[in-house]
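The structure file final.txt is reproduced below (compact mmCIF, C-alpha atoms).
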```
# COMPACT_ATOMS: atom_id res chain seq x y z
CA MET A 1 6.52 -29.31 7.33
CA HIS A 2 5.40 -32.63 8.75
CA SER A 3 3.78 -35.79 7.53
CA GLU A 4 0.04 -36.44 7.54
CA SER A 5 0.37 -39.12 10.24
CA ASP A 6 2.42 -36.89 12.52
CA THR A 7 0.23 -35.46 15.28
CA SER A 8 2.84 -33.50 17.22
CA PRO A 9 2.66 -29.77 16.50
CA ARG A 10 5.46 -28.14 14.59
CA ILE A 11 6.58 -24.65 15.48
CA LEU A 12 8.64 -22.37 13.32
CA ALA A 13 10.77 -19.93 15.28
CA PHE A 14 12.08 -16.83 13.52
CA CYS A 15 15.08 -15.89 15.65
CA CYS A 16 16.93 -12.59 15.42
CA MET A 17 20.65 -13.16 14.93
CA TYR A 18 21.54 -10.53 17.54
CA CYS A 19 19.56 -12.03 20.40
CA ALA A 20 17.30 -15.08 20.14
CA TYR A 21 19.53 -17.04 17.78
CA ALA A 22 22.54 -16.37 20.02
CA ALA A 23 20.37 -17.30 23.02
CA ALA A 24 19.52 -20.59 21.31
CA ASP A 25 23.27 -21.12 20.88
CA ALA A 26 23.81 -20.30 24.53
CA ALA A 27 21.12 -22.83 25.45
CA GLY A 28 23.01 -25.40 23.42
CA SER A 29 26.33 -24.53 25.07
CA LEU A 30 24.65 -24.90 28.45
CA ARG A 31 23.40 -28.32 27.33
CA LEU A 32 19.82 -27.27 27.95
CA SER A 33 17.38 -29.42 26.07
CA TYR A 34 14.15 -28.03 24.64
CA SER A 35 11.32 -29.24 22.50
CA PRO A 36 12.34 -30.73 19.14
CA SER A 37 9.02 -29.40 17.78
CA VAL A 38 10.69 -26.06 17.23
CA GLU A 39 12.54 -25.39 14.01
CA ILE A 40 14.68 -22.28 14.01
CA VAL A 41 15.01 -19.86 11.11
CA LEU A 42 17.80 -17.31 11.43
CA VAL A 43 16.77 -13.75 10.53
CA PRO A 44 18.94 -10.62 10.60
CA CYS A 45 16.35 -8.85 12.78
CA SER A 46 12.84 -9.76 13.99
CA GLY A 47 11.75 -6.71 11.96
CA ARG A 48 12.71 -8.71 8.86
CA VAL A 49 9.84 -11.13 9.46
CA SER A 50 6.92 -10.11 7.32
CA ILE A 51 3.21 -10.82 7.72
CA LEU A 52 3.49 -13.04 4.67
CA ASP A 53 6.40 -15.06 6.16
CA ILE A 54 4.19 -15.95 9.14
CA LEU A 55 1.12 -16.77 7.04
CA ARG A 56 3.12 -18.88 4.60
CA ALA A 57 4.60 -20.85 7.51
CA LEU A 58 1.10 -21.72 8.73
CA GLU A 59 -0.15 -22.37 5.21
CA HIS A 60 2.68 -24.82 4.56
CA GLY A 61 2.38 -26.89 7.69
CA ALA A 62 3.51 -25.06 10.79
CA ASP A 63 1.05 -25.27 13.70
CA GLY A 64 2.57 -22.29 15.43
CA VAL A 65 5.02 -19.49 14.79
CA LEU A 66 7.36 -17.89 17.29
CA VAL A 67 8.95 -14.56 16.47
CA ALA A 68 11.82 -14.00 18.89
CA GLY A 69 13.40 -10.59 18.96
CA CYS A 70 15.52 -8.38 21.19
CA GLU A 71 14.35 -6.92 24.46
CA GLU A 72 12.45 -3.66 23.98
CA GLY A 73 14.89 -0.81 23.63
CA SER A 74 17.84 -2.97 22.60
CA CYS A 75 17.13 -3.78 18.94
CA HIS A 76 20.33 -3.59 16.90
CA PHE A 77 18.35 -1.71 14.26
CA SER A 78 16.57 0.43 16.83
CA THR A 79 12.91 -0.42 16.12
CA GLY A 80 12.86 -3.78 14.32
CA ASN A 81 11.39 -5.64 17.29
CA PHE A 82 8.58 -3.07 17.61
CA ARG A 83 7.76 -3.53 13.94
CA ALA A 84 7.74 -7.29 14.42
CA LYS A 85 5.39 -6.96 17.38
CA LYS A 86 2.91 -4.92 15.33
CA ARG A 87 3.05 -7.43 12.48
CA VAL A 88 2.45 -10.33 14.86
CA GLU A 89 -0.57 -8.46 16.25
CA TYR A 90 -1.85 -7.93 12.69
CA VAL A 91 -1.47 -11.64 11.88
CA CYS A 92 -3.20 -12.66 15.13
CA LYS A 93 -6.18 -10.47 14.25
CA LEU A 94 -6.27 -11.89 10.74
CA LEU A 95 -6.12 -15.47 12.04
CA GLU A 96 -8.98 -14.80 14.42
CA GLU A 97 -11.07 -13.58 11.48
CA ILE A 98 -10.50 -16.80 9.57
CA GLY A 99 -11.09 -19.12 12.51
CA ILE A 100 -7.53 -20.05 13.50
CA GLU A 101 -6.49 -19.60 17.14
CA PRO A 102 -4.42 -16.38 17.30
CA GLU A 103 -2.31 -17.87 20.11
CA ARG A 104 -0.59 -19.91 17.46
CA VAL A 105 1.52 -16.89 16.60
CA GLN A 106 3.53 -15.33 19.39
CA MET A 107 6.23 -12.72 19.81
CA HIS A 108 8.76 -13.00 22.63
CA HIS A 109 11.81 -11.03 23.66
CA VAL A 110 15.12 -12.46 24.77
CA SER A 111 18.70 -11.22 24.94
CA ALA A 112 21.73 -13.04 23.54
CA SER A 113 23.04 -14.30 26.86
CA GLN A 114 19.73 -15.72 28.07
CA GLY A 115 20.01 -19.37 27.12
CA VAL A 116 17.85 -20.41 30.05
CA ARG A 117 15.15 -17.88 29.16
CA PHE A 118 15.20 -19.04 25.55
CA ARG A 119 14.46 -22.56 26.72
CA GLU A 120 11.64 -21.26 28.94
CA ILE A 121 10.08 -19.33 26.06
CA VAL A 122 10.32 -22.30 23.72
CA GLN A 123 8.80 -24.56 26.37
CA LYS A 124 5.97 -22.10 27.05
CA VAL A 125 5.15 -21.69 23.36
CA THR A 126 5.39 -25.45 22.77
CA ASP A 127 3.09 -26.18 25.72
CA GLU A 128 0.51 -23.64 24.56
CA ILE A 129 0.51 -24.83 20.99
CA SER A 130 0.47 -28.47 22.06
CA ARG A 131 -2.65 -27.70 24.06
CA LEU A 132 -4.24 -26.31 20.89
CA GLY A 133 -2.96 -29.33 18.96
CA VAL A 134 -2.09 -29.45 15.29
CA ILE A 135 -4.21 -27.14 13.16
CA ASN A 136 -7.46 -28.92 12.55
CA TRP A 137 -7.52 -28.83 8.76
CA ASN A 138 -10.76 -30.22 7.49
CA LYS A 139 -9.47 -32.89 5.12
CA LYS A 140 -12.61 -33.43 3.06
CA TYR A 141 -10.73 -33.34 -0.16
CA MET B 1 -3.67 9.02 -4.80
CA VAL B 2 -6.84 6.99 -4.51
CA VAL B 3 -6.85 5.55 -1.01
CA ALA B 4 -8.50 2.22 -0.34
CA GLU B 5 -8.60 -0.42 2.36
CA ARG B 6 -9.18 -4.14 2.30
CA LYS B 7 -12.66 -5.44 2.99
CA PRO B 8 -13.01 -7.68 6.05
CA ILE B 9 -11.77 -11.21 5.28
CA LYS B 10 -15.15 -12.66 6.20
CA GLU B 11 -16.86 -10.52 3.55
CA ILE B 12 -14.31 -11.63 0.95
CA LEU B 13 -14.68 -15.26 2.00
CA ALA B 14 -18.45 -14.99 1.56
CA MET B 15 -17.88 -13.68 -1.99
CA MET B 16 -15.55 -16.61 -2.72
CA ALA B 17 -17.80 -19.26 -1.12
CA ASP B 18 -18.71 -21.03 -4.36
CA TYR B 19 -15.36 -20.95 -6.13
CA LYS B 20 -12.47 -23.40 -6.29
CA LYS B 21 -10.07 -21.46 -8.48
CA ILE B 22 -9.74 -17.71 -8.64
CA LEU B 23 -7.43 -15.05 -9.98
CA LEU B 24 -6.41 -12.44 -7.40
CA VAL B 25 -5.26 -9.30 -9.17
CA GLY B 26 -3.34 -6.50 -7.49
CA CYS B 27 -2.46 -3.06 -8.82
CA LYS B 28 0.93 -1.33 -8.72
CA GLY B 29 -0.67 2.13 -8.71
CA CYS B 30 -2.29 4.06 -5.87
CA VAL B 31 -3.29 0.99 -3.84
CA THR B 32 0.32 -0.18 -3.68
CA VAL B 33 1.32 3.19 -2.23
CA CYS B 34 -1.47 3.11 0.35
CA CYS B 35 -0.61 -0.54 1.17
CA ALA B 36 -4.02 -1.92 0.27
CA GLY B 37 -3.62 -3.86 -2.97
CA GLY B 38 -0.01 -4.18 -4.12
CA THR B 39 2.03 -7.35 -4.59
CA LYS B 40 2.56 -7.71 -0.84
CA GLU B 41 -1.14 -7.34 -0.01
CA VAL B 42 -2.04 -9.79 -2.79
CA GLY B 43 0.29 -12.34 -1.20
CA ILE B 44 -1.17 -11.81 2.26
CA LEU B 45 -4.80 -12.04 1.11
CA ALA B 46 -4.09 -15.09 -1.06
CA SER B 47 -2.40 -16.85 1.84
CA ALA B 48 -5.20 -15.92 4.27
CA LEU B 49 -7.85 -17.18 1.82
CA ARG B 50 -5.98 -20.45 1.27
CA ILE B 51 -5.63 -21.00 5.02
CA ALA B 52 -9.33 -20.20 5.60
CA LYS B 53 -10.48 -22.54 2.81
CA LYS B 54 -8.10 -25.29 3.94
CA LYS B 55 -9.58 -24.95 7.42
CA GLU B 56 -13.07 -25.34 5.92
CA GLY B 57 -11.91 -28.38 3.99
CA LYS B 58 -12.64 -26.82 0.63
CA PRO B 59 -10.19 -27.03 -2.25
CA PHE B 60 -9.15 -23.56 -3.32
CA GLU B 61 -6.55 -22.34 -5.75
CA VAL B 62 -5.49 -18.70 -5.97
CA ILE B 63 -3.47 -17.43 -8.91
CA GLU B 64 -1.69 -14.23 -7.86
CA LYS B 65 -0.93 -11.44 -10.32
CA THR B 66 -0.22 -7.75 -9.82
CA LEU B 67 -0.66 -5.46 -12.81
CA GLU B 68 1.08 -2.17 -13.53
CA ARG B 69 -2.34 -0.52 -13.31
CA GLN B 70 -5.91 -1.73 -13.49
CA CYS B 71 -7.27 1.54 -14.91
CA ASP B 72 -5.88 1.03 -18.44
CA PRO B 73 -7.20 -1.61 -20.85
CA GLU B 74 -3.73 -2.66 -22.08
CA TYR B 75 -2.76 -3.86 -18.61
CA ILE B 76 -6.09 -5.59 -18.08
CA GLU B 77 -5.35 -7.50 -21.29
CA GLN B 78 -2.24 -9.05 -19.70
CA VAL B 79 -4.27 -11.49 -17.62
CA ALA B 80 -6.19 -12.84 -20.64
CA PRO B 81 -4.06 -16.03 -20.88
CA ILE B 82 -4.76 -16.77 -17.21
CA VAL B 83 -8.49 -15.95 -17.25
CA GLU B 84 -9.18 -17.66 -20.56
CA GLY B 85 -6.66 -20.48 -20.41
CA GLU B 86 -6.46 -21.67 -16.83
CA GLY B 87 -10.08 -22.27 -15.89
CA VAL B 88 -10.42 -19.34 -13.51
CA GLU B 89 -13.95 -19.25 -12.07
CA ALA B 90 -13.84 -15.71 -10.67
CA ILE B 91 -11.59 -12.67 -10.43
CA LEU B 92 -10.93 -10.88 -7.16
CA SER B 93 -9.51 -7.41 -7.70
CA MET B 94 -7.38 -5.55 -5.18
CA ALA B 95 -7.51 -2.24 -7.07
CA CYS B 96 -9.71 0.79 -6.43
CA SER B 97 -13.18 0.22 -7.84
CA VAL B 98 -12.02 1.19 -11.34
CA GLY B 99 -10.00 -2.05 -11.58
CA PRO B 100 -12.82 -4.54 -11.02
CA GLN B 101 -15.01 -2.56 -13.43
CA TYR B 102 -12.39 -2.78 -16.16
CA LEU B 103 -11.89 -6.48 -15.48
CA ALA B 104 -15.65 -7.08 -15.52
CA LYS B 105 -15.95 -5.28 -18.85
CA ARG B 106 -13.17 -7.34 -20.44
CA TYR B 107 -13.73 -10.84 -19.06
CA ASN B 108 -16.77 -13.05 -19.00
CA VAL B 109 -16.29 -14.29 -15.45
CA PRO B 110 -17.67 -12.83 -12.21
CA VAL B 111 -15.46 -10.07 -10.80
CA TYR B 112 -15.38 -9.10 -7.11
CA PRO B 113 -13.83 -6.13 -5.31
CA ALA B 114 -11.52 -7.01 -2.42
CA LEU B 115 -11.10 -3.36 -1.45
CA ASN B 116 -13.32 -0.52 -0.37
CA THR B 117 -12.29 2.63 -2.23
CA THR B 118 -12.35 5.33 0.39
CA PHE B 119 -11.09 8.70 -0.85
CA ILE B 120 -8.55 10.79 -2.75
CA GLY B 121 -5.87 11.65 -0.26
CA GLY B 122 -2.31 11.52 0.90
CA SER B 123 -0.23 10.06 3.70
CA LEU B 124 0.16 11.90 7.01
CA GLU B 125 2.70 9.46 8.41
CA HIS B 126 3.58 5.77 7.97
CA GLY B 127 0.31 3.86 7.98
CA VAL B 128 -1.96 6.91 8.13
CA TRP B 129 -3.78 8.40 5.15
CA ALA B 130 -6.23 11.28 5.05
CA GLU B 131 -8.72 12.77 2.60
CA PHE B 132 -7.59 15.87 0.74
CA CYS B 133 -9.78 16.04 -2.35
CA GLN B 134 -13.38 15.37 -3.20
CA ALA B 135 -12.96 15.66 -6.99
CA CYS B 136 -15.47 18.51 -7.29
CA GLY B 137 -14.07 19.25 -10.74
CA ASN B 138 -13.30 22.94 -10.14
CA CYS B 139 -10.34 23.50 -7.85
CA ILE B 140 -10.55 26.56 -5.62
CA ILE B 141 -7.87 25.84 -3.02
CA HIS B 142 -5.86 28.94 -3.99
CA TYR B 143 -8.56 31.13 -2.44
CA PHE B 144 -8.08 29.31 0.85
CA GLY B 145 -4.33 29.20 1.39
CA GLY B 146 -3.96 25.86 -0.37
CA ILE B 147 -6.41 24.07 1.91
CA CYS B 148 -9.52 22.54 0.38
CA PRO B 149 -12.65 23.54 2.29
CA ILE B 150 -14.76 21.12 0.26
CA ALA B 151 -12.86 17.97 1.26
CA ARG B 152 -11.38 18.99 4.57
CA CYS B 153 -14.23 20.87 6.22
CA SER B 154 -16.85 18.40 7.48
CA LYS B 155 -19.58 20.70 6.17
CA SER B 156 -17.71 21.76 3.01
CA LEU B 157 -18.24 25.38 4.05
CA LEU B 158 -16.96 28.06 1.71
CA ASN B 159 -17.47 30.78 4.29
CA GLY B 160 -16.35 29.27 7.56
CA PRO B 161 -15.69 28.47 10.26
CA CYS B 162 -18.95 27.30 11.77
CA GLY B 163 -19.77 27.32 15.47
CA GLY B 164 -18.42 23.81 15.88
CA SER B 165 -14.79 24.82 15.63
CA ALA B 166 -13.02 24.67 18.99
CA GLY B 167 -9.31 24.73 19.74
CA GLY B 168 -8.52 24.06 16.08
CA LYS B 169 -10.62 20.89 16.04
CA CYS B 170 -13.90 20.03 14.36
CA GLU B 171 -16.98 19.21 16.43
CA VAL B 172 -17.47 16.04 14.38
CA SER B 173 -14.40 14.46 15.99
CA PRO B 174 -11.44 15.67 18.05
CA GLU B 175 -9.33 13.70 15.54
CA ILE B 176 -10.34 16.07 12.72
CA ASP B 177 -8.59 19.39 12.28
CA CYS B 178 -10.96 22.28 11.61
CA ALA B 179 -10.18 23.13 7.99
CA TRP B 180 -11.25 26.71 8.56
CA HIS B 181 -8.89 27.05 11.50
CA LEU B 182 -6.11 25.81 9.21
CA ILE B 183 -7.22 28.20 6.46
CA TYR B 184 -7.24 31.13 8.90
CA GLU B 185 -3.75 30.31 10.20
CA ARG B 186 -2.40 29.83 6.70
CA MET B 187 -3.90 33.06 5.34
CA LYS B 188 -2.57 34.90 8.39
CA ALA B 189 0.93 33.56 7.69
CA LEU B 190 0.59 34.65 4.07
CA GLY B 191 -0.57 38.14 5.11
CA LYS B 192 -3.84 37.64 3.26
CA LEU B 193 -6.35 37.65 6.09
CA ASP B 194 -8.31 40.47 4.48
CA GLU B 195 -9.24 38.11 1.64
CA LEU B 196 -11.20 36.03 4.10
CA THR B 197 -13.51 38.97 4.83
CA LYS B 198 -14.97 38.61 1.34
CA ILE B 199 -18.01 36.38 1.00
CA PHE B 200 -17.22 33.49 -1.32
CA PRO B 201 -20.07 33.06 -3.81
CA ILE B 202 -22.14 29.92 -4.07
CA LYS B 203 -20.07 27.24 -5.78
CA ASP B 204 -21.02 26.03 -9.21
CA TRP B 205 -21.40 22.29 -8.68
CA SER B 206 -22.03 21.50 -12.35
CA THR B 207 -18.45 20.22 -12.64
CA SER B 208 -19.05 17.80 -9.80
CA ARG B 209 -21.45 14.86 -9.90
CA ASP B 210 -24.53 16.91 -10.78
CA GLY B 211 -24.26 16.01 -14.44
CA GLY B 212 -23.82 12.30 -13.85
CA PRO B 213 -20.59 10.38 -14.58
CA ARG B 214 -17.88 12.69 -15.86
CA LYS B 215 -15.46 12.34 -18.72
CA VAL B 216 -12.23 14.11 -19.69
CA VAL B 217 -11.46 14.28 -23.41
CA ARG B 218 -8.10 15.38 -24.82
CA GLU B 219 -8.56 15.66 -28.58
CA ASP B 220 -4.79 16.10 -29.08
CA MET B 221 -4.16 12.76 -27.41
CA LYS B 222 -6.75 10.72 -29.25
CA LEU B 223 -5.53 8.34 -31.92
```
Just give me the structure as structure tokens.
Amino acid sequence: MHSESDTSPRILAFCCMYCAYAAADAAGSLRLSYSPSVEIVLVPCSGRVSILDILRALEHGADGVLVAGCEEGSCHFSTGNFRAKKRVEYVCKLLEEIGIEPERVQMHHVSASQGVRFREIVQKVTDEISRLGVINWNKKY
Amino acid sequence: MVVAERKPIKEILAMMADYKKILLVGCKGCVTVCCAGGTKEVGILASALRIAKKKEGKPFEVIEKTLERQCDPEYIEQVAPIVEGEGVEAILSMACSVGPQYLAKRYNVPVYPALNTTFIGGSLEHGVWAEFCQACGNCIIHYFGGICPIARCSKSLLNGPCGGSAGGKCEVSPEIDCAWHLIYERMKALGKLDELTKIFPIKDWSTSRDGGPRKVVREDMKL
């Protein structure tokens, strides 16, 4: 995802098309700037994001992953955001076991009209992951 | 189905400590159904191992393959080109313990189990599996309303319940249904309660593990 010399963390954000992605659009319409560290991937529902999607993102260069879904109780597919939440919890536990900070993977909820909140979430996640820094891969080989 | 669960990652990482290239083999049988060792779980474990090794600064290559089954030699044969032609140092199997044993018999590389085989059971709901059979080799569930007292009673009582049954639960854990409570309710519904007044004789365990490893032979099937 980023070059060897690049030390700024990269964050992959899986955004549900019914809420977070629209919120990102709203943020854009409101001319709200947010961290360029975040790269957005459009998903039809946060419940579409699998454990493997998150792991592969980290494996291939992301320093953090944000899964952004609908507010609880307002998922277009009823329970997709709850499924996503459980998967994120599973990944966090797995990461802890293998010595990667679990805070690198986070789930947040936002509704389509909340451009300002989207920016706040992105800023919060970026700040937290920046504090952790890029994943400290031991480059002995 | 045979129900299994993945070993802790740390235990698997300890097994893989000395290797740089492995073959991770999943199984499309029981362990796919119980979400322990199918294609998806192979992908997750492979990715987790690669991340962990990358973090340690150790080169590590995982070849992922999921076989139709790991309990038949013809499917085990399918990974021969990979094991023998691609310099694989070890095989990590995500099948029940039959799989790694078959792989170990066929290939001259170390084979490791990534799963703990837990029991023969079924699903209760999404993500929950429970034990229903202990493979005693002589099924008697028809005497007990279709509920196995061997596998589902904590004491395997044939003439229950014991004094530890309370409110339909077993004294071992409030999470465990008392099998004998279930049997009673079922036999009552079937109008066969009188059958429970008979003393069930001591079970012949010779069909179980008493005679060592068991074998089933079908002469009509043999080639």
Within 10 Å of chain B, which residues of chain A show up when using all atoms listed in the file, listed as number ranges by chain? A: 50-60, 91, 94-95, 97-100, 135-141
Filtering to C-alpha atoms, could you give me those residues as a PDB file, keeping the file's coordinate frame?
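As a result, part.pdb now contains:
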```pdb
ATOM      1  CA  SER A  50       6.920 -10.110   7.320  1.00  0.00           C
ATOM      2  CA  ILE A  51       3.210 -10.820   7.720  1.00  0.00           C
ATOM      3  CA  LEU A  52       3.490 -13.040   4.670  1.00  0.00           C
ATOM      4  CA  ASP A  53       6.400 -15.060   6.160  1.00  0.00           C
ATOM      5  CA  ILE A  54       4.190 -15.950   9.140  1.00  0.00           C
ATOM      6  CA  LEU A  55       1.120 -16.770   7.040  1.00  0.00           C
ATOM      7  CA  ARG A  56       3.120 -18.880   4.600  1.00  0.00           C
ATOM      8  CA  ALA A  57       4.600 -20.850   7.510  1.00  0.00           C
ATOM      9  CA  LEU A  58       1.100 -21.720   8.730  1.00  0.00           C
ATOM     10  CA  GLU A  59      -0.150 -22.370   5.210  1.00  0.00           C
ATOM     11  CA  HIS A  60       2.680 -24.820   4.560  1.00  0.00           C
ATOM     12  CA  VAL A  91      -1.470 -11.640  11.880  1.00  0.00           C
ATOM     13  CA  LEU A  94      -6.270 -11.890  10.740  1.00  0.00           C
ATOM     14  CA  LEU A  95      -6.120 -15.470  12.040  1.00  0.00           C
ATOM     15  CA  GLU A  97     -11.070 -13.580  11.480  1.00  0.00           C
ATOM     16  CA  ILE A  98     -10.500 -16.800   9.570  1.00  0.00           C
ATOM     17  CA  GLY A  99     -11.090 -19.120  12.510  1.00  0.00           C
ATOM     18  CA  ILE A 100      -7.530 -20.050  13.500  1.00  0.00           C
ATOM     19  CA  ILE A 135      -4.210 -27.140  13.160  1.00  0.00           C
ATOM     20  CA  ASN A 136      -7.460 -28.920  12.550  1.00  0.00           C
ATOM     21  CA  TRP A 137      -7.520 -28.830   8.760  1.00  0.00           C
ATOM     22  CA  ASN A 138     -10.760 -30.220   7.490  1.00  0.00           C
ATOM     23  CA  LYS A 139      -9.470 -32.890   5.120  1.00  0.00           C
ATOM     24  CA  LYS A 140     -12.610 -33.430   3.060  1.00  0.00           C
ATOM     25  CA  TYR A 141     -10.730 -33.340  -0.160  1.00  0.00           C
TER      26      TYR A 141
END
```
At a cut-off of 10 Å, using only C-alpha atoms, what residues contact Gly37 (chain B)? Leave out same-chain residues fewer than 3 positions from it and give the result as a PDB file with C-alpha atoms, in the coordinates of the input.
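Listing of around.pdb after writing:
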```
ATOM      1  CA  ALA B   4      -8.500   2.220  -0.340  1.00  0.00           C
ATOM      2  CA  GLU B   5      -8.600  -0.420   2.360  1.00  0.00           C
ATOM      3  CA  ARG B   6      -9.180  -4.140   2.300  1.00  0.00           C
ATOM      4  CA  VAL B  25      -5.260  -9.300  -9.170  1.00  0.00           C
ATOM      5  CA  GLY B  26      -3.340  -6.500  -7.490  1.00  0.00           C
ATOM      6  CA  CYS B  27      -2.460  -3.060  -8.820  1.00  0.00           C
ATOM      7  CA  LYS B  28       0.930  -1.330  -8.720  1.00  0.00           C
ATOM      8  CA  GLY B  29      -0.670   2.130  -8.710  1.00  0.00           C
ATOM      9  CA  CYS B  30      -2.290   4.060  -5.870  1.00  0.00           C
ATOM     10  CA  VAL B  31      -3.290   0.990  -3.840  1.00  0.00           C
ATOM     11  CA  THR B  32       0.320  -0.180  -3.680  1.00  0.00           C
ATOM     12  CA  VAL B  33       1.320   3.190  -2.230  1.00  0.00           C
ATOM     13  CA  CYS B  34      -1.470   3.110   0.350  1.00  0.00           C
ATOM     14  CA  LYS B  40       2.560  -7.710  -0.840  1.00  0.00           C
ATOM     15  CA  GLU B  41      -1.140  -7.340  -0.010  1.00  0.00           C
ATOM     16  CA  VAL B  42      -2.040  -9.790  -2.790  1.00  0.00           C
ATOM     17  CA  GLY B  43       0.290 -12.340  -1.200  1.00  0.00           C
ATOM     18  CA  ILE B  44      -1.170 -11.810   2.260  1.00  0.00           C
ATOM     19  CA  LEU B  45      -4.800 -12.040   1.110  1.00  0.00           C
ATOM     20  CA  THR B  66      -0.220  -7.750  -9.820  1.00  0.00           C
ATOM     21  CA  SER B  93      -9.510  -7.410  -7.700  1.00  0.00           C
ATOM     22  CA  MET B  94      -7.380  -5.550  -5.180  1.00  0.00           C
ATOM     23  CA  ALA B  95      -7.510  -2.240  -7.070  1.00  0.00           C
ATOM     24  CA  CYS B  96      -9.710   0.790  -6.430  1.00  0.00           C
ATOM     25  CA  ALA B 114     -11.520  -7.010  -2.420  1.00  0.00           C
ATOM     26  CA  LEU B 115     -11.100  -3.360  -1.450  1.00  0.00           C
TER      27      LEU B 115
END
```
Kindly give the distance, in Å, that separates CA of Glu185 (chain B) and CA of Gly145 (chain B), rounded to a single decimal. 8.9 Å
Point-to-point distance in Å for CA of Ala36 (chain B) and CA of Lys155 (chain B):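 Separating CA of Lys155 (chain B) from CA of Ala36 (chain B) is a distance of 28.1 Å.
The nearest approach to Pro100 (chain B) among the residues B:Ser154, B:Leu23, B:Gly87, B:Ile120, with all atoms listed in the file taken into account, belongs to B:Leu23.
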Would you be able to write out as a PyMOL selection string which residues have an atom within 8 Å of (15.6, -6.3, 21.5) in the file's coordinates, counting all atoms listed in the file? chain A and resi 19+69-76+81+109-111
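Taking all atoms listed in the file into account, Asp127 (chain A) lies nearest to A:Arg104 out of the set A:Val41, A:Arg104, A:Lys86, A:Ala20.
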Distance in Å - CA of Asp177 (chain B) versus CA of Phe132 (chain B): 12.1 Å
Using only C-alpha atoms, which residues of region 47-151 of chain B come within 12 Å of region 203-211 of chain B, and what is the closest atom pair for each, with the distance in Å to one decimal? Give it as a tab-separated table, sorted by chain and residue number.
```
residue	atom	partner	partner_atom	distance
B:Gln134	CA	B:Ser208	CA	9.0
B:Ala135	CA	B:Ser208	CA	7.0
B:Cys136	CA	B:Ser208	CA	4.4
B:Gly137	CA	B:Thr207	CA	4.9
B:Asn138	CA	B:Thr207	CA	6.3
B:Cys139	CA	B:Thr207	CA	10.0
B:Ile140	CA	B:Lys203	CA	9.5
B:Pro149	CA	B:Lys203	CA	11.6
B:Ile150	CA	B:Lys203	CA	10.1
```
Give me the residues near Ala27 (chain A) as a PyMOL selection string, where near means some atom within 7 Å (using all atoms listed in the file) and where sequence neighbours in that chain fewer than 4 positions away do not count. chain A and resi 23+31-32+115-116+119
Nearest residue to Tyr90 (chain A) out of A:Met107, A:Ala22, A:Ser78, A:Val38, using all atoms listed in the file?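 Nearest candidate to Tyr90 (chain A) out of A:Met107, A:Ala22, A:Ser78, A:Val38: A:Met107.
Nearest residue to Glu39 (chain A), choosing from A:Ile121, A:Leu12, A:Val88, A:Ile129 and counting only C-alpha atoms: A:Leu12.
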Give the answer as one residue: which of A:Val125, A:Val67, A:Ala26, A:Ala62 has the shortest atom-to-atom distance to Phe14 (chain A), using all atoms listed in the file?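 Using all atoms listed in the file, the shortest distance to Phe14 (chain A) belongs to A:Val67.
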